[in-house]
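Chemist: Sharing a structure with you now.
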Amino acid sequence: MPNPQLNANGELIHLLSTEGLPREILTHILDTAATFVGITDREVKKVPLLRGKSVFNLFFENSTRTRTTFEIAAKRLSADVLNLDITRSSTSKGETLLDTIDNLCSMHADMFVVRHATSGAPYLIAEHLKRMGKHDIHVVNAGDGRHAHPTQGLLDTYTIRHFKRDFSSLTVAIIGDILHSRVARSNIHALKTLGVPELRAIGPQTLLPTRLSQMGIRVFHDMRAGLKDCDVIIMLRLQNERMNGALLPSVGEYFKHYGLSPEKLILAKPDAIVMHPGPINRGVEIDSEVADGSRSVILNQVTFGIAVRMAVMSILAGNG
Ligand code: CP
């Protein structure tokens, strides 16, 4: 089956998932982002790569980091940015997602950045655009249900490459609610493709998908054993909004076993970095001393997110 993210020449036309993206494309996005990191440090931060283009931010689910950094990124590329206020849009009057898209296409949209609680919603839009012959309009998945969050996966891999330089000798642990995490899925696919030799999943059985071992990921239920000699620690939030029923005895019990405290962090390598996609829940999955400590790169991730999102939009718009 053809990859809906790529055209017949293997070029990126939508960014829907890190799954199935070739290593060359992932590396090209990271390399392009590196060129934009310099721009974000300049006094004049704008470049004209998306001048005259209209980017529509369609966030059907709450967001702080993703929505804002997409807006900053599009503006730094000189695009016109429109943030649809979903609560005040006609979706609240029963208009379907695809009818909304058709109307926005009539306003000459060039790119849709879509966050949706339903897994697959950005795919549905990309397929619809193809059916309608709108091959010049691009879709970027900004997080769909528990399925994928590709720009988060890319900014996480960018952060890892920035601090660790080379993927080929790393041990990376992803800790917590992997079952409901689109970030974990996007990270796993990107890191495997980029050549990380050891990926670990750490969490209680109720919060880990069953297929992890088949994907070559080492599974640990004991956090202390799983943290040993790790280079990179990616903490995850408990995705309470996606849980059906009680999967944990209590938040206190969870923090005791799977919260990242200074005592547990000692077990990782002395130069291990601590990451988290945000929003963080202090005292639930991470201790404040760790979140605010010298090993934390959580806020660096947010800053790199601007350059990575600039890179994705610039490449989709045909700038190489
Ligand atoms: N990491 C992330 O997706 O954060 P937001 O929900 O604030 O966008």
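Identifiers for the structure tokens are assigned positionally: chains receive A, B, ... in sequence, residues are indexed from 1 per chain, and ligands are indexed from 1 in the order shown.
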Mind dumping a table of every chain A residue within 7 Å of ligand 1, with the nearest atom pair and its distance in Å to one decimal, using only C-alpha atoms and all ligand atoms, sorted by chain and rising number, as CSV?
Modeler:
residue,atom,partner,partner_atom_place_in_ligand_line,distance
A:Asn62,CA,ligand 1,6 (O),6.2
A:Ser63,CA,ligand 1,8 (O),3.8
A:Thr64,CA,ligand 1,7 (O),3.5
A:Arg65,CA,ligand 1,7 (O),3.9
A:Thr66,CA,ligand 1,8 (O),3.6
A:Arg67,CA,ligand 1,8 (O),5.8
A:Gly143,CA,ligand 1,3 (O),6.9
A:Gln152,CA,ligand 1,1 (N),6.4
A:Pro277,CA,ligand 1,1 (N),4.2
A:Gly278,CA,ligand 1,1 (N),4.7
A:Pro279,CA,ligand 1,4 (O),5.8
Chemist: Residues at most 7 Å from A:Gly195, counting only C-alpha atoms, excluding those fewer than 3 positions away in the same chain, as a list in words?
Modeler: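 Final neighbour list, sorted by chain and number: Phe167, Ser168, Leu191 and Lys192 of chain A.
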Chemist: Write a file of the selected residues as an mmCIF file, in the first residue's frame, keeping N, CA and C atoms.
Modeler:
data_model
loop_
_atom_site.group_PDB
_atom_site.id
_atom_site.type_symbol
_atom_site.label_atom_id
_atom_site.label_comp_id
_atom_site.auth_asym_id
_atom_site.auth_seq_id
_atom_site.Cartn_x
_atom_site.Cartn_y
_atom_site.Cartn_z
ATOM 1 N N PHE A 167 22.981 8.760 17.388
ATOM 2 C CA PHE A 167 21.959 7.825 17.884
ATOM 3 C C PHE A 167 22.502 6.401 18.082
ATOM 4 N N SER A 168 23.636 6.098 17.453
ATOM 5 C CA SER A 168 24.010 4.697 17.247
ATOM 6 C C SER A 168 24.539 3.967 18.487
ATOM 7 N N LEU A 191 12.927 6.818 16.565
ATOM 8 C CA LEU A 191 14.221 6.413 17.148
ATOM 9 C C LEU A 191 14.697 5.089 16.570
ATOM 10 N N LYS A 192 13.763 4.187 16.290
ATOM 11 C CA LYS A 192 14.170 2.910 15.674
ATOM 12 C C LYS A 192 14.721 3.169 14.270
#
Chemist: Can you list, as a count of residues only, all residues belonging to stretch 77-223 of chain A that DSSP tags as strand (DSSP E)?
Modeler: 31
Chemist: Quick one: residues within 10 Å of A:Glu285, only C-alpha atoms, excluding same-chain residues fewer than 3 positions away - as a PyMOL selection string?
Modeler: chain A and resi 175-177+235-238+251-252+254-261+276+280-282+288+291
Chemist: Can you write just those residues out, C-alpha atoms, as a compact mmCIF listing (two decimals), in the first residue's frame?
Modeler:
# COMPACT_ATOMS: atom_id res chain seq x y z
CA ILE A 175 8.60 5.66 31.05
CA GLY A 176 4.96 5.68 32.07
CA ASP A 177 1.68 5.53 30.23
CA MET A 235 8.94 10.65 30.97
CA LEU A 236 5.25 10.54 30.03
CA ARG A 237 2.14 12.00 31.61
CA LEU A 238 -0.69 9.73 32.76
CA VAL A 251 -1.41 8.44 42.06
CA GLY A 252 0.74 8.16 45.22
CA TYR A 254 2.28 5.35 40.89
CA PHE A 255 4.77 8.05 41.89
CA LYS A 256 6.43 5.70 44.38
CA HIS A 257 7.08 3.07 41.69
CA TYR A 258 7.31 5.06 38.43
CA GLY A 259 7.86 8.70 39.38
CA LEU A 260 11.30 10.06 38.46
CA SER A 261 12.93 11.20 41.70
CA HIS A 276 9.11 15.17 28.90
CA ILE A 280 4.21 17.80 33.23
CA ASN A 281 2.42 16.70 36.37
CA ARG A 282 4.77 17.43 39.26
CA SER A 288 10.09 18.97 40.82
CA ALA A 291 12.00 18.58 36.32
Chemist: Excluding same-chain residues fewer than 3 positions from A:His14, what lies within 6 Å of it counting only C-alpha atoms, as a PDB file with N, CA, C and O atoms, in the first residue's frame?
Modeler:
ATOM      1  N   GLN A   5       1.842   9.742   2.993  1.00  0.00           N
ATOM      2  CA  GLN A   5       2.633  10.946   3.324  1.00  0.00           C
ATOM      3  C   GLN A   5       3.595  11.327   2.212  1.00  0.00           C
ATOM      4  O   GLN A   5       4.171  12.406   2.240  1.00  0.00           O
ATOM      5  N   HIS A 138      -1.481  20.747   2.113  1.00  0.00           N
ATOM      6  CA  HIS A 138      -0.742  19.785   2.953  1.00  0.00           C
ATOM      7  C   HIS A 138      -1.374  19.688   4.343  1.00  0.00           C
ATOM      8  O   HIS A 138      -1.917  20.665   4.856  1.00  0.00           O
ATOM      9  N   VAL A 139      -1.246  18.490   4.929  1.00  0.00           N
ATOM     10  CA  VAL A 139      -1.787  18.247   6.270  1.00  0.00           C
ATOM     11  C   VAL A 139      -0.641  17.877   7.201  1.00  0.00           C
ATOM     12  O   VAL A 139       0.200  17.041   6.865  1.00  0.00           O
ATOM     13  N   VAL A 140      -0.619  18.512   8.355  1.00  0.00           N
ATOM     14  CA  VAL A 140       0.353  18.158   9.399  1.00  0.00           C
ATOM     15  C   VAL A 140      -0.435  17.679  10.617  1.00  0.00           C
ATOM     16  O   VAL A 140      -1.305  18.399  11.122  1.00  0.00           O
TER      17      VAL A 140
END
Chemist: In terms of the shortest atom-to-atom distance over only C-alpha atoms, which of A:Cys105, A:Ile273, A:Ser17, A:Thr210 is closest to A:Arg146?
Modeler: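 Closest residue, counting only C-alpha atoms: A:Ser17.
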Chemist: Would you return as a ChimeraX atom specification the members of stretch 144-262 of chain A that DSSP assigns to helix (DSSP H, G or I) on this structure's backbone?
Modeler: /A:150-164,167-169,182-193,205-207,213-215,223-227,240-242,251-258,262
Chemist: Considering only C-alpha atoms, return as a compact mmCIF listing (two decimals) with N, CA and C atoms, in the first residue's frame whatever protein or nucleic-acid residues lie within 8 Å of A:Pro122, sequence-local ones (same chain, fewer than 6 positions apart) excluded.
Modeler:
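The result, written out as out-v2.txt:
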# COMPACT_ATOMS: atom_id res chain seq x y z
N LEU A 16 1.98 12.85 8.72
CA LEU A 16 0.88 12.23 9.49
C LEU A 16 1.40 11.36 10.61
N VAL A 114 -3.46 19.94 12.21
CA VAL A 114 -4.67 19.38 12.81
C VAL A 114 -4.36 18.60 14.09
N ARG A 115 -5.02 18.99 15.17
CA ARG A 115 -5.04 18.15 16.38
C ARG A 115 -6.48 17.70 16.60
N HIS A 116 -6.62 16.40 16.87
CA HIS A 116 -7.98 15.86 17.03
C HIS A 116 -7.95 14.71 18.02
N VAL A 139 -1.25 18.49 4.93
CA VAL A 139 -1.79 18.25 6.27
C VAL A 139 -0.64 17.88 7.20
N VAL A 140 -0.62 18.51 8.35
CA VAL A 140 0.35 18.16 9.40
C VAL A 140 -0.44 17.68 10.62
N ASN A 141 -0.13 16.48 11.05
CA ASN A 141 -0.77 15.93 12.24
C ASN A 141 -0.13 16.55 13.48
N ASP A 144 -3.12 13.03 17.05
CA ASP A 144 -4.46 12.45 16.84
C ASP A 144 -4.69 11.29 17.81
Chemist: Tell me, in Å to one decimal, how far atom CA of A:Val312 is from atom CA of A:Ile25.
Modeler: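 Spanning atom CA of A:Val312 to atom CA of A:Ile25 is a straight-line distance of 10.3 Å.
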Chemist: Here is a test: counting only C-alpha atoms, which residue of A:Tyr158, A:His189, A:Thr27, A:Met310 is nearest to A:Arg76?
Modeler: A:Met310
Chemist: Give the answer as one residue: which of A:Leu124, A:Ile13, A:Ile266, A:Ile174 has the shortest atom-to-atom distance to A:Met111, using only C-alpha atoms?
Modeler: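 Among the listed residues, A:Ile13 lies closest to A:Met111.
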Chemist: Could you check how far atom CA of A:Phe36 sits from atom CA of A:Ala311, in Å to one decimal?
Modeler: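 Going from atom CA of A:Phe36 over to atom CA of A:Ala311, I get 7.3 Å.
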Chemist: Would you mind reading off the distance between atom CA of A:Val183 and atom CA of A:Ile137, one decimal, in Å?
Modeler: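 Atom CA of A:Ile137 lies 25.0 Å from atom CA of A:Val183.
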Chemist: Name all residues at most 12 Å from A:Leu6 (count only C-alpha atoms; drop same-chain ones fewer than 2 positions away) and give them as a count of residues only.
Modeler: 24
Chemist: Skipping near chain neighbours, those fewer than 4 positions away, what residues fall within 10 Å of A:Glu24 using only C-alpha atoms, listed as a PyMOL selection string?
Modeler: chain A and resi 28-30+193-194
Chemist: For N, CA and C atoms, I'd like the residues from the last selection saved as an mmCIF file, in the first residue's frame.
Modeler:
data_model
loop_
_atom_site.group_PDB
_atom_site.id
_atom_site.type_symbol
_atom_site.label_atom_id
_atom_site.label_comp_id
_atom_site.auth_asym_id
_atom_site.auth_seq_id
_atom_site.Cartn_x
_atom_site.Cartn_y
_atom_site.Cartn_z
ATOM 1 N N HIS A 28 16.670 14.611 7.044
ATOM 2 C CA HIS A 28 16.541 15.882 6.316
ATOM 3 C C HIS A 28 15.750 16.899 7.149
ATOM 4 N N ILE A 29 14.686 16.433 7.811
ATOM 5 C CA ILE A 29 13.892 17.348 8.663
ATOM 6 C C ILE A 29 14.771 17.857 9.815
ATOM 7 N N LEU A 30 15.524 16.964 10.440
ATOM 8 C CA LEU A 30 16.373 17.381 11.567
ATOM 9 C C LEU A 30 17.463 18.343 11.096
ATOM 10 N N THR A 193 14.019 3.998 13.509
ATOM 11 C CA THR A 193 14.470 4.281 12.135
ATOM 12 C C THR A 193 15.820 4.991 12.138
ATOM 13 N N LEU A 194 16.040 5.843 13.130
ATOM 14 C CA LEU A 194 17.301 6.599 13.189
ATOM 15 C C LEU A 194 18.446 5.782 13.795
#
Chemist: Using only C-alpha atoms, can you tell me which of A:Val219, A:Ile233, A:Ala307, A:Ile315 comes closest to A:Val290?
Modeler: A:Ile233
Chemist: Compare A:Lys53, A:Glu71, A:Lys93, A:Ile86 by their minimum atom-to-atom distance to A:Met107, counting only C-alpha atoms, and give me the closest one.
Modeler: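 Of the candidates, the smallest distance to A:Met107 is held by A:Lys53.
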Chemist: Determine the nearest neighbour of A:Val196 from the options A:Leu50, A:Ile160, A:Ala117, A:Leu227, counting only C-alpha atoms.
Modeler: A:Ile160
